[in-house]
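Beneath this line is the structure, given in structure tokens, with notes to follow.
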Amino acid sequence: MTQPPAIVPINQPPSLIGMVHVGALPGTPHNCDPVSTIARQAAEEASILEEAGLDAVMIENMHDRPYMLREVGPEIVAAMAAVADAVRRAVSVPLGVQILAGANRAALAVACACGASFIRAEGFVFAHVADEGLMAEADAAELLRYRRHIGAQHVAVLADIKKKHSSHAVTADVDVAETARAAEFFGADGVIVTGPTTAQPAAVEELRAARRAARVPVIVGSGVTAENLAVYWSNADALVVGSSIKHGGVWSNPVDPARVKALMTSVEALRR
């Protein structure tokens with residue numbers, strides 16, 4: 001029987017996953033750099049995060065806004081593979097991949113090709129209305145069959161539940177706990193709980209509800225800062241940090257080594 005993929009190795013729980021927001025890729029409205037420059041910048045930011053002591057890094061094409069829905073085009077997949085390869089060569093910590101919006105199979109293909117350890121998946125279970133439009137079909141069945149098809153069972157799938165930047169009115173009668181339970185039942189290797197938008201904190205009561213409902217790891221996916229770290233410390237298995245470690249606390253800015261250091265000072269105090 002195939003063993004489930006290993007989630008991000010945890011030195012001392014919870015583990016810290018640092019976000020690298022990849023520059024706007026070719027063909028998207030805000031692109032101005034060649035892939036080689038974008039890949040170099042991503043690798044440099046990932047190296048800063050590894051040197052600071054974060055447990056893992058994740059790349060995401062967040063600068064590609066406005067995002068395509070599920071199907072992003074071969075140019076984005078190719079560019080993300082080049083970026084992922086550059087980051088993989090630059091750091092030794094586990095690497096994750098997310099391709100917006102909801103391009104989970106594309107992310108899985110990139111992760112498999114480049115030696116990444118996990119992907120972040122939107123729309124894994126239940127429909128919702130995202131910025132990009134209606135994600136009407138849950139992706140779990142096709143995604144996990146595709147993972148088997150390409151021999152990527154070693155790549156973990158971390159699934160967003162009740163994700164940010166979305167309306168969940170269509171599933172208003174399904175709470176976070178039941179959504180976490182459904183994601184686990186459908187084969188997610190971990191679930192991600194977020195606030196309403198990027199940089200907005202996740203509700204601690206939702207984290208607790210998800211942990212009670214599911215046996216897979218529960219991850220905070222937005223709003224983690226040096227100041228609120230202690231709130232999440234005993235309520236999550238991993239924490240994704242992005243906006244708060246950028247210059248000015250703005251996701252679209254480069255990584256700020258001083259903010260990373262402040263975050264890790266808080267982490268070290270809690271681990272002691």
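In the structure tokens, each chain is lettered A, B, ... as it comes, each chain's residues begin at 1, and ligands are numbered from 1 in order of appearance.
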Could you give me, as a PDB file with C-alpha atoms, in the first residue's frame, the residues within 9 Å of Glu71 of chain A, counting only C-alpha atoms and dropping anything in the same chain fewer than 2 positions from it?
```pdb
ATOM      1  CA  MET A  68      -6.948  32.880 -14.947  1.00  0.00           C
ATOM      2  CA  LEU A  69      -9.435  30.331 -13.645  1.00  0.00           C
ATOM      3  CA  GLY A  73      -1.556  28.405 -20.241  1.00  0.00           C
ATOM      4  CA  PRO A  74       1.647  26.517 -21.071  1.00  0.00           C
ATOM      5  CA  ALA A 101      -5.994  30.497  -9.609  1.00  0.00           C
ATOM      6  CA  GLY A 102      -6.795  26.914  -8.757  1.00  0.00           C
ATOM      7  CA  ALA A 103      -4.363  25.539 -11.362  1.00  0.00           C
ATOM      8  CA  ALA A 106      -0.234  22.544 -13.253  1.00  0.00           C
TER       9      ALA A 106
END
```
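Once Tyr67 of chain A and its same-chain neighbours fewer than 3 positions away are set aside, Asp64, Leu100, Ala101 and Glu132 of chain A remain within 8 Å of it when counting only C-alpha atoms.
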| said: Run DSSP on the backbone and tell me which residues of segment 30-205 of chain A come out as strand (DSSP E); list them as a ChimeraX atom specification. | reply: /A:56-60,95-98,118-121,128-130,133-135,156-161,166-167,190-193
What lies within 6 Å of segment 122-124 of chain A using only C-alpha atoms, ignoring chain neighbours under 4 positions off, as a PDB file with N, CA and C atoms, in the first residue's frame?
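Now in around.pdb:
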```pdb
ATOM      1  N   GLY A 102      -6.268  28.271  -8.761  1.00  0.00           N
ATOM      2  CA  GLY A 102      -6.795  26.914  -8.757  1.00  0.00           C
ATOM      3  C   GLY A 102      -6.194  26.007  -9.817  1.00  0.00           C
ATOM      4  N   ALA A 138     -15.288  20.719  -7.698  1.00  0.00           N
ATOM      5  CA  ALA A 138     -14.204  20.363  -6.771  1.00  0.00           C
ATOM      6  C   ALA A 138     -13.141  19.579  -7.533  1.00  0.00           C
ATOM      7  N   ASP A 139     -11.885  19.782  -7.158  1.00  0.00           N
ATOM      8  CA  ASP A 139     -10.765  19.265  -7.951  1.00  0.00           C
ATOM      9  C   ASP A 139     -10.165  17.967  -7.415  1.00  0.00           C
ATOM     10  N   ALA A 140     -10.613  17.511  -6.253  1.00  0.00           N
ATOM     11  CA  ALA A 140      -9.943  16.397  -5.585  1.00  0.00           C
ATOM     12  C   ALA A 140      -9.842  15.151  -6.459  1.00  0.00           C
ATOM     13  N   ASP A 160      -6.685  24.389   0.632  1.00  0.00           N
ATOM     14  CA  ASP A 160      -7.388  25.503   1.261  1.00  0.00           C
ATOM     15  C   ASP A 160      -8.842  25.117   1.520  1.00  0.00           C
TER      16      ASP A 160
END
```
| request: If you run DSSP over the backbone, which residues in segment 46-260 of chain A end up alpha helix (DSSP H)? Put them as a PyMOL selection string. | output: chain A and resi 46-52+74-90+104-114+140-149+176-185+204-213+229-233+257-260
| With only C-alpha atoms as the atoms that count, which of A:Arg105, A:Arg181, A:Arg271, A:Lys164 lies nearest to Ala152 of chain A? |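 Among A:Arg105, A:Arg181, A:Arg271, A:Lys164, it is A:Arg105 that comes nearest to Ala152 of chain A.
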| request: Just the residues within 9 Å of Pro13 of chain A, please, counting only C-alpha atoms, with nothing from its chain fewer than 2 positions along; format it as a VMD selection string. | output: chain A and resid 10 to 11 15 to 16 233 to 234 236 to 238 271
Near Pro14 of chain A, within 12 Å and counting only C-alpha atoms, which residues show up once chain neighbours fewer than 2 positions away are dropped, as a JSON list (two decimals) with C-alpha atoms, in the first residue's frame?
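Listing of result_14.json after writing:
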```json
[["chain", "number", "residue", "atom", "x", "y", "z"],
["A", 7, "ILE", "CA", 4.15, 16.95, 5.10],
["A", 8, "VAL", "CA", 6.78, 19.65, 5.59],
["A", 9, "PRO", "CA", 9.36, 18.29, 8.06],
["A", 10, "ILE", "CA", 8.85, 19.90, 11.44],
["A", 11, "ASN", "CA", 11.93, 20.69, 13.52],
["A", 12, "GLN", "CA", 9.81, 21.96, 16.38],
["A", 16, "LEU", "CA", 7.29, 27.96, 9.25],
["A", 17, "ILE", "CA", 6.66, 28.15, 5.49],
["A", 54, "LEU", "CA", 12.40, 28.95, 8.10],
["A", 55, "ASP", "CA", 11.47, 25.29, 7.64],
["A", 56, "ALA", "CA", 10.22, 25.50, 4.05],
["A", 217, "PRO", "CA", -2.17, 18.75, 9.70],
["A", 218, "VAL", "CA", -3.92, 22.13, 9.93],
["A", 219, "ILE", "CA", -2.03, 25.12, 8.56],
["A", 220, "VAL", "CA", -2.54, 28.88, 8.95],
["A", 229, "LEU", "CA", 2.61, 34.36, 16.32],
["A", 230, "ALA", "CA", 1.93, 33.27, 19.90],
["A", 231, "VAL", "CA", -1.83, 33.17, 19.23],
["A", 232, "TYR", "CA", -1.37, 30.49, 16.59],
["A", 233, "TRP", "CA", 1.52, 28.62, 18.17],
["A", 234, "SER", "CA", -0.43, 25.84, 19.88],
["A", 235, "ASN", "CA", -3.32, 25.82, 17.40],
["A", 236, "ALA", "CA", -1.61, 24.91, 14.12],
["A", 237, "ASP", "CA", 0.85, 22.40, 12.69],
["A", 238, "ALA", "CA", 2.40, 24.91, 10.28],
["A", 239, "LEU", "CA", 2.26, 28.64, 9.57],
["A", 240, "VAL", "CA", 2.55, 30.28, 6.15],
["A", 267, "VAL", "CA", 9.77, 31.96, 16.87],
["A", 268, "GLU", "CA", 12.93, 31.26, 18.86],
["A", 270, "LEU", "CA", 8.34, 30.52, 21.67],
["A", 271, "ARG", "CA", 10.44, 27.43, 20.96]]
```
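Between atom CA of Val110 of chain A and atom CA of Arg40 of chain A the separation is 17.3 Å.
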| request: Fewer than 6 positions away in the same chain doesn't count, so skip those; otherwise give me all residues within 7 Å of Ala46 of chain A, counting only C-alpha atoms, as a VMD selection string. | output: chain A and resid 20 57 87 91
| said: Applying 9 Å and only C-alpha atoms, which residues near Pro66 of chain A remain after dropping the ones on its own chain fewer than 4 positions away? List them as a PyMOL selection string. | reply: chain A and resi 28-29+131-132
| query | So how many Å separate atom CA of Ser252 of chain A and atom CA of Ile38 of chain A, to one decimal? | reply | 13.6 Å
